[in-house]
$ cat structure36.tsv   # TSV, C-alpha atoms and all ligand atoms
chain	number	residue	atom	x	y	z
S	1	MET	CA	121.05	134.47	97.74
S	2	THR	CA	122.81	131.16	98.37
S	3	GLU	CA	125.98	131.33	100.41
S	4	GLY	CA	128.86	129.82	98.47
S	5	LYS	CA	132.54	129.07	98.78
S	6	ASP	CA	135.10	131.88	98.89
S	7	ARG	CA	136.52	130.71	95.59
S	8	GLY	CA	133.67	130.15	93.17
S	9	GLN	CA	133.47	127.70	90.32
S	10	CYS	CA	130.96	126.92	87.61
S	11	SER	CA	129.41	123.55	88.42
S	12	ALA	CA	129.29	122.23	84.82
S	13	SER	CA	131.35	119.10	84.14
S	14	PRO	CA	133.38	117.22	83.00
S	15	LYS	CA	136.36	119.51	83.31
S	16	LYS	CA	138.93	119.66	80.51
S	17	LYS	CA	142.40	121.10	79.96
S	18	ILE	CA	142.86	123.60	77.15
S	19	MET	CA	145.95	125.23	75.73
S	20	THR	CA	145.61	127.96	73.13
S	21	GLU	CA	148.23	129.29	70.73
S	22	LYS	CA	146.96	132.81	71.38
S	23	THR	CA	147.50	132.86	75.13
S	24	ASN	CA	150.13	130.09	75.31
S	25	MET	CA	148.64	129.10	78.68
S	26	THR	CA	147.03	125.95	79.97
S	27	HIS	CA	143.75	126.26	81.88
S	28	THR	CA	141.27	123.83	83.27
S	29	THR	CA	137.78	124.74	82.14
S	30	CYS	CA	134.25	123.41	82.57
S	31	THR	CA	132.14	122.41	79.57
S	32	HIS	CA	130.88	126.01	79.40
S	33	GLY	CA	134.45	127.18	78.76
S	34	HIS	CA	134.75	128.87	82.18
S	35	PRO	CA	138.12	128.68	83.93
S	36	THR	CA	137.63	126.65	87.08
S	37	GLU	CA	140.68	126.76	89.28
S	38	GLY	CA	140.76	129.14	92.23
S	39	SER	CA	140.09	132.18	90.11
S	40	PHE	CA	137.36	134.08	92.01
S	41	GLU	CA	137.74	136.13	95.18
S	42	SER	CA	134.84	137.01	97.42
S	43	PHE	CA	134.13	140.70	98.16
S	44	HIS	CA	131.36	142.28	100.24
S	45	ILE	CA	129.19	145.14	99.02
S	46	SER	CA	129.83	148.22	101.15
S	47	SER	CA	127.46	150.70	99.44
S	48	ILE	CA	125.08	150.95	96.50
S	49	ARG	CA	124.29	154.09	94.46
S	50	ARG	CA	121.30	154.24	92.11
S	51	GLU	CA	122.30	155.79	88.76
S	52	ASN	CA	119.00	155.46	86.86
S	53	PRO	CA	115.83	153.33	87.18
S	54	ASN	CA	117.62	150.11	86.13
S	55	THR	CA	121.29	150.85	86.82
S	56	GLN	CA	123.17	150.84	90.13
S	57	THR	CA	126.81	151.23	91.17
S	58	PHE	CA	128.04	148.60	93.64
S	59	VAL	CA	130.99	149.74	95.73
S	60	LEU	CA	132.89	146.81	97.27
S	61	ASP	CA	134.69	146.54	100.58
S	62	ARG	CA	138.27	146.83	99.36
S	63	PRO	CA	140.44	147.96	96.45
S	64	LEU	CA	141.69	146.02	93.45
S	65	LYS	CA	144.92	148.01	93.23
S	66	ALA	CA	146.15	146.39	89.98
S	67	ALA	CA	143.01	147.47	88.06
S	68	ARG	CA	143.38	150.04	85.27
S	69	PRO	CA	140.62	152.03	83.50
S	70	GLY	CA	139.11	150.01	80.63
S	71	GLN	CA	139.87	146.62	82.20
S	72	PHE	CA	137.05	144.34	83.31
S	73	CYS	CA	136.35	141.62	85.87
S	74	MET	CA	134.22	138.49	85.66
S	75	LEU	CA	131.51	138.67	88.35
S	76	TRP	CA	130.03	135.40	89.56
S	77	LEU	CA	127.09	134.42	91.72
S	78	PRO	CA	126.61	130.81	92.83
S	79	GLU	CA	124.01	128.87	90.84
S	80	ILE	CA	123.52	131.78	88.41
S	81	GLY	CA	126.78	132.24	86.53
S	82	GLU	CA	129.45	134.72	85.55
S	83	LYS	CA	129.66	137.66	83.12
S	84	PRO	CA	132.19	140.43	82.40
S	85	PHE	CA	131.69	143.92	83.88
S	86	SER	CA	133.85	147.00	83.36
S	87	ILE	CA	135.70	148.32	86.38
S	88	ALA	CA	134.09	151.64	87.40
S	89	GLY	CA	136.68	152.38	90.10
S	90	ALA	CA	139.61	150.51	91.67
S	91	ASP	CA	139.93	151.96	95.16
S	92	PRO	CA	137.51	150.82	96.38
S	93	LEU	CA	136.56	148.40	93.60
S	94	ALA	CA	133.23	149.37	91.97
S	95	PHE	CA	130.96	148.15	89.16
S	96	THR	CA	127.98	149.86	87.51
S	97	ILE	CA	125.36	147.32	86.51
S	98	SER	CA	122.18	147.60	84.42
S	99	ASP	CA	119.44	145.10	85.22
S	100	VAL	CA	118.76	143.45	81.83
S	101	GLY	CA	118.82	139.66	82.35
S	102	PRO	CA	119.38	136.79	84.80
S	103	LEU	CA	122.82	137.62	86.22
S	104	SER	CA	122.52	141.41	86.19
S	105	HIS	CA	119.07	141.04	87.80
S	106	ALA	CA	120.44	138.81	90.57
S	107	ILE	CA	123.29	141.26	91.26
S	108	SER	CA	120.81	144.16	91.22
S	109	LYS	CA	118.87	142.45	94.01
S	110	LEU	CA	121.94	142.25	96.30
S	111	GLY	CA	122.16	144.56	99.30
S	112	LYS	CA	124.82	146.14	101.48
S	113	GLY	CA	126.92	143.38	103.14
S	114	ASP	CA	126.11	140.72	100.49
S	115	ARG	CA	128.91	138.85	98.74
S	116	LEU	CA	129.98	139.14	95.11
S	117	TRP	CA	132.70	136.97	93.53
S	118	VAL	CA	135.29	138.71	91.35
S	119	ARG	CA	137.88	137.36	88.88
S	120	GLY	CA	140.28	139.93	87.46
S	121	PRO	CA	141.41	142.51	86.52
S	122	LEU	CA	141.33	141.16	82.95
S	123	GLY	CA	142.09	142.52	79.49
S	124	GLN	CA	143.94	145.53	78.11
S	125	GLY	CA	142.62	148.91	79.27
S	126	PHE	CA	142.87	152.52	78.05
S	127	GLU	CA	146.16	154.38	77.82
S	128	LEU	CA	146.15	158.18	78.18
S	129	VAL	CA	147.57	159.81	75.04
S	130	GLY	CA	148.41	163.54	75.29
S	131	THR	CA	146.87	165.84	77.90
S	132	SER	CA	143.42	166.69	76.51
S	133	HIS	CA	140.91	163.86	76.36
S	134	LEU	CA	137.45	163.53	74.78
S	135	LEU	CA	135.41	160.64	76.22
S	136	VAL	CA	132.25	159.22	74.60
S	137	GLY	CA	129.97	156.91	76.60
S	138	GLY	CA	126.77	155.12	75.65
S	139	GLY	CA	124.70	153.66	78.54
S	140	TYR	CA	126.82	151.95	81.22
S	141	GLY	CA	129.85	152.62	78.97
S	142	ALA	CA	130.11	155.82	81.04
S	143	ALA	CA	131.35	153.83	84.06
S	144	PRO	CA	134.86	152.82	82.84
S	145	LEU	CA	135.23	156.30	81.36
S	146	ALA	CA	134.63	157.84	84.80
S	147	PHE	CA	137.53	155.74	86.11
S	148	LEU	CA	139.68	157.00	83.18
S	149	ALA	CA	138.57	160.63	83.75
S	150	ALA	CA	139.52	160.44	87.43
S	151	ASP	CA	143.05	159.29	86.50
S	152	ALA	CA	143.43	162.00	83.81
S	153	LEU	CA	142.13	164.83	86.03
S	154	ALA	CA	144.44	163.74	88.86
S	155	LEU	CA	147.34	164.30	86.42
S	156	GLY	CA	146.05	167.84	85.67
S	157	HIS	CA	144.80	166.92	82.16
S	158	ASP	CA	141.68	168.38	80.45
S	159	VAL	CA	138.70	166.06	80.13
S	160	ALA	CA	135.47	166.55	78.15
S	161	VAL	CA	132.82	163.85	78.02
S	162	CYS	CA	129.82	163.14	75.77
S	163	LEU	CA	127.09	160.98	77.31
S	164	GLY	CA	124.05	159.58	75.53
S	165	ALA	CA	120.81	157.81	76.44
S	166	LYS	CA	117.26	157.44	75.14
S	167	THR	CA	115.77	159.85	77.71
S	168	THR	CA	117.01	162.12	80.53
S	169	ASP	CA	116.15	159.60	83.25
S	170	GLN	CA	118.30	156.95	81.49
S	171	LEU	CA	121.45	159.13	81.52
S	172	ILE	CA	124.09	158.04	84.01
S	173	PHE	CA	127.20	159.66	85.53
S	174	ALA	CA	126.53	163.24	84.22
S	175	ASP	CA	126.76	164.59	87.79
S	176	VAL	CA	129.78	162.37	88.58
S	177	PHE	CA	131.77	163.80	85.64
S	178	SER	CA	130.66	167.40	86.43
S	179	LYS	CA	131.72	167.11	90.07
S	180	MET	CA	135.12	165.76	88.97
S	181	GLY	CA	135.67	168.88	86.86
S	182	ALA	CA	135.09	167.47	83.35
S	183	THR	CA	133.13	169.36	80.67
S	184	VAL	CA	129.92	167.39	80.04
S	185	ARG	CA	127.88	167.31	76.79
S	186	LEU	CA	124.66	165.34	76.69
S	187	ALA	CA	122.55	163.79	73.93
S	188	THR	CA	119.14	162.17	74.35
S	189	GLU	CA	117.14	160.47	71.63
S	190	ASP	CA	113.94	162.30	72.68
S	191	GLY	CA	115.72	165.65	73.03
S	192	SER	CA	114.81	165.97	76.74
S	193	SER	CA	118.46	166.82	77.65
S	194	GLY	CA	121.26	168.20	75.49
S	195	THR	CA	121.42	167.57	71.76
S	196	LYS	CA	118.54	165.56	70.26
S	197	GLY	CA	119.87	162.30	68.82
S	198	LEU	CA	122.56	159.75	69.50
S	199	VAL	CA	125.67	160.42	71.57
S	200	THR	CA	127.63	160.72	68.33
S	201	GLU	CA	125.70	164.00	67.68
S	202	ALA	CA	127.16	165.34	70.94
S	203	LEU	CA	130.59	164.12	69.74
S	204	LEU	CA	130.23	166.11	66.50
S	205	ASN	CA	129.37	169.25	68.54
S	206	ALA	CA	132.28	168.61	70.90
S	207	LEU	CA	134.72	168.34	67.99
S	208	VAL	CA	133.69	171.90	66.95
S	209	TRP	CA	134.62	173.29	70.39
S	210	GLU	CA	137.26	170.98	71.86
S	211	LEU	CA	140.79	170.29	70.62
S	212	PRO	CA	141.40	166.84	72.11
S	213	SER	CA	144.67	164.98	71.74
S	214	SER	CA	142.76	161.69	71.75
S	215	ILE	CA	139.24	160.18	71.86
S	216	TYR	CA	138.13	157.26	74.09
S	217	ALA	CA	134.76	155.50	73.75
S	218	CYS	CA	132.80	152.69	75.40
S	219	GLY	CA	129.38	151.49	74.29
S	220	PRO	CA	127.59	149.35	71.69
S	221	THR	CA	129.57	148.32	68.58
S	222	GLY	CA	127.51	150.54	66.21
S	223	MET	CA	128.34	153.58	68.33
S	224	LEU	CA	132.04	152.63	68.43
S	225	LEU	CA	132.19	152.33	64.62
S	226	THR	CA	130.70	155.83	64.23
S	227	VAL	CA	133.11	157.27	66.81
S	228	ALA	CA	136.04	155.61	64.97
S	229	ALA	CA	134.89	157.10	61.64
S	230	GLU	CA	134.59	160.62	63.15
S	231	ALA	CA	137.99	160.32	64.85
S	232	LYS	CA	139.56	159.31	61.55
S	233	LYS	CA	137.94	162.33	59.78
S	234	ALA	CA	139.30	164.59	62.54
S	235	GLY	CA	142.75	162.96	62.28
S	236	LEU	CA	142.71	161.89	65.94
S	237	PRO	CA	143.77	158.63	67.61
S	238	VAL	CA	140.90	156.76	69.24
S	239	GLN	CA	140.55	153.96	71.79
S	240	LEU	CA	137.37	151.86	71.67
S	241	SER	CA	136.15	149.55	74.44
S	242	PHE	CA	133.98	146.65	73.22
S	243	GLU	CA	131.20	145.05	75.30
S	244	GLY	CA	130.23	141.98	73.27
S	245	VAL	CA	129.38	138.49	74.55
S	246	MET	CA	132.13	136.79	76.58
S	247	ARG	CA	132.39	133.39	78.22
S	248	CYS	CA	135.88	132.48	79.46
S	249	GLY	CA	137.24	136.06	79.56
S	250	VAL	CA	140.83	134.87	79.01
S	251	GLY	CA	141.22	134.11	75.28
S	252	LEU	CA	140.29	130.42	75.43
S	253	CYS	CA	136.81	129.86	74.01
S	254	GLY	CA	136.70	132.23	71.01
S	255	SER	CA	133.12	133.33	71.76
S	256	CYS	CA	133.97	137.05	71.97
S	257	GLU	CA	135.80	137.24	68.60
S	258	LEU	CA	134.95	140.48	66.74
S	259	PRO	CA	133.11	139.87	63.45
S	260	GLU	CA	135.39	139.96	60.40
S	261	ASP	CA	133.63	143.03	58.90
S	262	VAL	CA	134.21	145.01	62.12
S	263	CYS	CA	137.93	144.06	62.14
S	264	VAL	CA	138.23	145.11	58.50
S	265	LYS	CA	136.47	148.47	59.11
S	266	LEU	CA	138.75	149.26	62.07
S	267	GLY	CA	141.97	147.88	60.57
S	268	LEU	CA	142.27	145.28	63.35
S	269	PRO	CA	143.77	141.83	62.65
S	270	GLY	CA	141.20	139.07	61.99
S	271	GLY	CA	140.27	136.99	65.04
S	272	TRP	CA	140.68	139.96	67.42
S	273	LEU	CA	139.48	138.88	70.89
S	274	PRO	CA	138.02	141.64	73.10
S	275	CYS	CA	138.75	139.62	76.26
S	276	TRP	CA	142.41	139.05	75.44
S	277	ASP	CA	143.50	141.64	72.85
S	278	GLY	CA	141.09	144.22	74.35
S	279	PRO	CA	138.43	145.07	75.40
S	280	VAL	CA	140.12	148.35	74.39
S	281	ALA	CA	141.30	148.60	70.77
S	282	ARG	CA	143.82	151.39	70.24
S	283	LEU	CA	143.64	152.92	66.75
S	284	ASP	CA	145.81	155.68	65.38
S	285	SER	CA	144.38	158.11	62.84
S	286	SER	CA	145.60	155.94	59.92
S	287	ASN	CA	143.48	152.86	60.92
P	301	LIG	C1	133.97	143.87	78.47
P	301	LIG	C2	132.49	143.96	78.92
P	301	LIG	C3	132.15	144.91	79.88
P	301	LIG	C4	130.83	144.97	80.32
P	301	LIG	N1	130.55	145.90	81.27
P	301	LIG	C5	129.30	146.00	81.74
P	301	LIG	C6	129.00	146.97	82.75
P	301	LIG	O1	129.86	147.73	83.21
P	301	LIG	N2	127.72	147.02	83.20
P	301	LIG	C7	126.73	146.19	82.72
P	301	LIG	O2	125.58	146.31	83.18
P	301	LIG	N3	127.00	145.26	81.77
P	301	LIG	C8	128.25	145.14	81.28
P	301	LIG	N4	128.52	144.19	80.32
P	301	LIG	C9	127.44	143.27	79.90
P	301	LIG	C10	127.36	142.10	80.88
P	301	LIG	O3	128.52	141.29	80.74
P	301	LIG	C11	126.14	141.18	80.62
P	301	LIG	O4	126.12	140.82	79.25
P	301	LIG	C12	124.83	141.86	80.96
P	301	LIG	O5	124.81	142.18	82.35
P	301	LIG	C13	123.65	140.91	80.68
P	301	LIG	O6	123.83	139.67	81.35
P	301	LIG	P1	122.58	138.90	81.98
P	301	LIG	O7	122.99	137.52	82.34
P	301	LIG	O8	121.98	139.73	83.07
P	301	LIG	O9	121.51	138.86	80.83
P	301	LIG	P2	121.55	138.11	79.40
P	301	LIG	O10	120.78	136.85	79.48
P	301	LIG	O11	122.96	138.02	78.89
P	301	LIG	O12	120.76	139.16	78.57
P	301	LIG	C14	119.36	139.34	78.80
P	301	LIG	C15	118.74	140.07	77.64
P	301	LIG	O13	119.21	141.42	77.68
P	301	LIG	C16	119.88	141.72	76.46
P	301	LIG	N5	121.01	142.52	76.87
P	301	LIG	C17	122.21	142.07	77.29
P	301	LIG	N6	122.99	143.11	77.59
P	301	LIG	C18	122.23	144.22	77.38
P	301	LIG	C19	122.46	145.61	77.50
P	301	LIG	N7	123.63	146.05	77.90
P	301	LIG	N8	121.46	146.48	77.21
P	301	LIG	C20	120.27	146.04	76.78
P	301	LIG	N9	119.99	144.74	76.63
P	301	LIG	C21	120.97	143.86	76.91
P	301	LIG	C22	120.29	140.40	75.85
P	301	LIG	O14	120.37	140.52	74.44
P	301	LIG	C23	119.14	139.51	76.28
P	301	LIG	O15	118.05	139.63	75.42
P	301	LIG	C24	129.82	144.10	79.81
P	301	LIG	C25	130.17	143.17	78.84
P	301	LIG	C26	131.49	143.10	78.39
P	301	LIG	C27	131.87	142.08	77.36
P	302	LIG	S1	135.54	135.21	76.02
P	302	LIG	FE1	136.56	133.35	75.56
P	302	LIG	S2	137.97	133.97	74.01
P	302	LIG	FE2	137.10	135.84	74.67

$ encode --input "structure36.tsv" --output "structure tokens"
Amino acid sequence: MTEGKDRGQCSASPKKKIMTEKTNMTHTTCTHGHPTEGSFESFHISSIRRENPNTQTFVLDRPLKAARPGQFCMLWLPEIGEKPFSIAGADPLAFTISDVGPLSHAISKLGKGDRLWVRGPLGQGFELVGTSHLLVGGGYGAAPLAFLAADALALGHDVAVCLGAKTTDQLIFADVFSKMGATVRLATEDGSSGTKGLVTEALLNALVWELPSSIYACGPTGMLLTVAAEAKKAGLPVQLSFEGVMRCGVGLCGSCELPEDVCVKLGLPGGWLPCWDGPVARLDSSN
């Protein structure tokens, strides 16, 4: 890859100053809506772990001590661009990335010692509620939940996790959660591991056996809506981490705004921005 400056910037121009009511901050952005001033720090990759055929965890060369589970960082590569990625671990900083398009493909091709540019931590993360936690992860949504589970287990809390994927070889982090000491329930769409069906089937089974004080989920919006509905039926608070499209990552461009029907279903205020108000939405059982 091309060597770049320590502090990366999108090359689009002209630059413009923006101030939003929501964030009450002034930023200089490029025409793509990306913040441009001194916001990225360069890290080196210290190790890479393959999670499934198209997903790898990149462990970086130092911690991001301020990072909390559920927060994200913008990752940038020169001449390719930037996208948000959930923080999979803070010390050392780690990201779990599925190779699905231009930026994730370019990151997936990086090797040990290569540089990755990081802006963050950003957004509002999870908050542990009670001492018994049920986590629900779809795809790479398992990664921020592993960070959350590590924090909860270190406090002596109980953690159970439901993980879902299309097939067994697409599942990620099952062994990571088991080794940590969490109870793991699996669901695969082809029935090759665990319950046959979506991860929400594993959630329904878990709710028969577990007595969680709270539920936490990260994955596609459809999955999050089902988890929210089941939590409400069970009378439990739930925290949902959204992974929609983002551009600026700091509440400036409006591109990540949750659709009105999703806000209505979840009882969130209209115009809710995953990058600024979330990505974690905290709902009590009355939402
Ligand atoms: C808060 C947040 C956290 C995120 N955390 C992670 C993370 O931890 N790991 C991670 O890999 N990604 C994560 N993403 C998604 C990531 O930001 C990018 O959208 C993703 O890597 C695709 O970017 P791209 O440039 O490679 O491809 P794009 O050009 O954006 O997408 C290429 C094609 O793949 C499709 N696509 C995009 N994302 C996915 C997907 N997840 N599964 C299947 N198809 C997809 C697109 O619709 C498009 O057709 C997160 C997004 C948000 C908003
Ligand atoms: S990504 Fe720009 S407002 Fe959320």

$ residues_around --input "structure36.tsv" --residues "Val100 in chain S" --least-positions-apart "3" --cutoff "12 Å" --atoms "all atoms listed in the file" --output "list in words"
Pro53, Asn54, Thr55, Gln56, Ile97, Leu103, Ser104, His105, Ala106, Ile107, Ser108 and Tyr140 of chain S

$ axis_aligned_box --input "structure36.tsv" --around "ligand LIG 302 (chain P)" --padding-each-side "4 Å" --output "JSON"
{"center_x": 136.8, "center_y": 134.6, "center_z": 75.0, "size_x": 10.4, "size_y": 10.5, "size_z": 10.0}

$ closest_residue --input "structure36.tsv" --among "S:Pro78, S:Pro84, S:Pro212, S:Gly113" --to "ligand LIG 302 (chain P)" --atoms "all atoms listed in the file"
S:Pro84

$ residues_near_ligand --input "structure36.tsv" --ligand "ligand LIG 302 (chain P)" --cutoff "6 Å" --atoms "only C-alpha atoms and all ligand atoms" --output "CSV table (one decimal) with C-alpha atoms, in the coordinates of the input"
chain,number,residue,atom,x,y,z
S,246,MET,CA,132.1,136.8,76.6
S,247,ARG,CA,132.4,133.4,78.2
S,248,CYS,CA,135.9,132.5,79.5
S,249,GLY,CA,137.2,136.1,79.6
S,250,VAL,CA,140.8,134.9,79.0
S,251,GLY,CA,141.2,134.1,75.3
S,252,LEU,CA,140.3,130.4,75.4
S,253,CYS,CA,136.8,129.9,74.0
S,254,GLY,CA,136.7,132.2,71.0
S,255,SER,CA,133.1,133.3,71.8
S,256,CYS,CA,134.0,137.0,72.0
S,273,LEU,CA,139.5,138.9,70.9
S,275,CYS,CA,138.8,139.6,76.3

$ atom_distance --input "structure36.tsv" --atom1 "CA of Gly219 in chain S" --atom2 "CA of Gly137 in chain S"
5.9 Å

$ residues_around --input "structure36.tsv" --residues "Phe95 in chain S" --least-positions-apart "4" --cutoff "10 Å" --atoms "only C-alpha atoms" --output "MDAnalysis selection string"
chainID S and resid 48 56:60 72:73 75 85:90 140 143:144

$ atom_distance --input "structure36.tsv" --atom1 "CA of Leu153 in chain S" --atom2 "CA of Thr200 in chain S"
23.2 Å

$ residues_around --input "structure36.tsv" --residues "Val136 in chain S" --least-positions-apart "4" --cutoff "8 Å" --atoms "only C-alpha atoms" --output "ChimeraX atom specification"
/S:142,145,161-163,199-200,203,215-218

$ closest_residue --input "structure36.tsv" --among "S:Val262, S:Ala206, S:Ala160, S:Leu135" --to "Gln239 in chain S" --atoms "all atoms listed in the file"
S:Leu135

$ closest_residue --input "structure36.tsv" --among "S:Pro63, S:Pro259, S:Gly111, S:Gly70" --to "ligand LIG 301 (chain P)" --atoms "only C-alpha atoms and all ligand atoms"
S:Gly70

$ atom_distance --input "structure36.tsv" --atom1 "CA of Gly130 in chain S" --atom2 "CA of Asp158 in chain S"
9.8 Å

$ closest_residue --input "structure36.tsv" --among "S:Leu171, S:Leu134, S:Val159, S:Leu116" --to "Asn52 in chain S" --atoms "all atoms listed in the file"
S:Leu171

$ residues_around --input "structure36.tsv" --residues "Phe242 in chain S" --least-positions-apart "5" --cutoff "8 Å" --atoms "only C-alpha atoms" --output "number ranges by chain"
S: 218-221, 224, 274, 278-281

$ build_atoms --input "structure36.tsv" --residues "range 198-226 of chain S" --atoms "N, CA and C atoms" --output "CSV table (one decimal), keeping the file's coordinate frame"
chain,number,residue,atom,x,y,z
S,198,LEU,N,121.6,160.7,68.9
S,198,LEU,CA,122.6,159.8,69.5
S,198,LEU,C,123.8,160.5,70.1
S,199,VAL,N,124.5,159.8,70.9
S,199,VAL,CA,125.7,160.4,71.6
S,199,VAL,C,126.7,160.9,70.5
S,200,THR,N,126.7,160.3,69.4
S,200,THR,CA,127.6,160.7,68.3
S,200,THR,C,127.3,162.1,67.8
S,201,GLU,N,126.0,162.6,68.0
S,201,GLU,CA,125.7,164.0,67.7
S,201,GLU,C,126.4,164.9,68.7
S,202,ALA,N,126.4,164.5,69.9
S,202,ALA,CA,127.2,165.3,70.9
S,202,ALA,C,128.7,165.3,70.6
S,203,LEU,N,129.2,164.2,70.1
S,203,LEU,CA,130.6,164.1,69.7
S,203,LEU,C,130.9,165.1,68.6
S,204,LEU,N,130.0,165.2,67.6
S,204,LEU,CA,130.2,166.1,66.5
S,204,LEU,C,130.3,167.5,67.0
S,205,ASN,N,129.4,167.9,67.9
S,205,ASN,CA,129.4,169.2,68.5
S,205,ASN,C,130.7,169.5,69.3
S,206,ALA,N,131.1,168.5,70.1
S,206,ALA,CA,132.3,168.6,70.9
S,206,ALA,C,133.5,168.9,70.0
S,207,LEU,N,133.5,168.2,68.9
S,207,LEU,CA,134.7,168.3,68.0
S,207,LEU,C,134.8,169.8,67.4
S,208,VAL,N,133.7,170.5,67.4
S,208,VAL,CA,133.7,171.9,67.0
S,208,VAL,C,134.4,172.8,68.0
S,209,TRP,N,134.2,172.4,69.3
S,209,TRP,CA,134.6,173.3,70.4
S,209,TRP,C,135.9,172.8,71.1
S,210,GLU,N,136.1,171.5,71.1
S,210,GLU,CA,137.3,171.0,71.9
S,210,GLU,C,138.4,170.7,70.9
S,211,LEU,N,139.6,170.7,71.4
S,211,LEU,CA,140.8,170.3,70.6
S,211,LEU,C,141.5,169.1,71.3
S,212,PRO,N,140.8,167.9,71.3
S,212,PRO,CA,141.4,166.8,72.1
S,212,PRO,C,142.7,166.3,71.5
S,213,SER,N,143.5,165.7,72.3
S,213,SER,CA,144.7,165.0,71.7
S,213,SER,C,144.3,163.5,71.4
S,214,SER,N,143.2,163.1,72.0
S,214,SER,CA,142.8,161.7,71.8
S,214,SER,C,141.3,161.5,72.2
S,215,ILE,N,140.6,160.5,71.5
S,215,ILE,CA,139.2,160.2,71.9
S,215,ILE,C,139.2,158.8,72.5
S,216,TYR,N,138.3,158.6,73.4
S,216,TYR,CA,138.1,157.3,74.1
S,216,TYR,C,136.6,157.0,74.1
S,217,ALA,N,136.2,155.8,73.8
S,217,ALA,CA,134.8,155.5,73.8
S,217,ALA,C,134.4,154.1,74.3
S,218,CYS,N,133.3,154.0,74.9
S,218,CYS,CA,132.8,152.7,75.4
S,218,CYS,C,131.3,152.7,75.2
S,219,GLY,N,130.8,151.6,74.5
S,219,GLY,CA,129.4,151.5,74.3
S,219,GLY,C,129.1,150.4,73.3
S,220,PRO,N,127.9,150.4,72.7
S,220,PRO,CA,127.6,149.4,71.7
S,220,PRO,C,128.5,149.5,70.4
S,221,THR,N,128.6,148.3,69.7
S,221,THR,CA,129.6,148.3,68.6
S,221,THR,C,129.2,149.4,67.5
S,222,GLY,N,127.9,149.6,67.2
S,222,GLY,CA,127.5,150.5,66.2
S,222,GLY,C,128.0,151.9,66.6
S,223,MET,N,127.9,152.3,67.9
S,223,MET,CA,128.3,153.6,68.3
S,223,MET,C,129.9,153.7,68.2
S,224,LEU,N,130.6,152.6,68.5
S,224,LEU,CA,132.0,152.6,68.4
S,224,LEU,C,132.5,152.8,67.0
S,225,LEU,N,131.8,152.2,66.0
S,225,LEU,CA,132.2,152.3,64.6
S,225,LEU,C,132.0,153.8,64.2
S,226,THR,N,130.9,154.4,64.6
S,226,THR,CA,130.7,155.8,64.2
S,226,THR,C,131.8,156.7,64.9
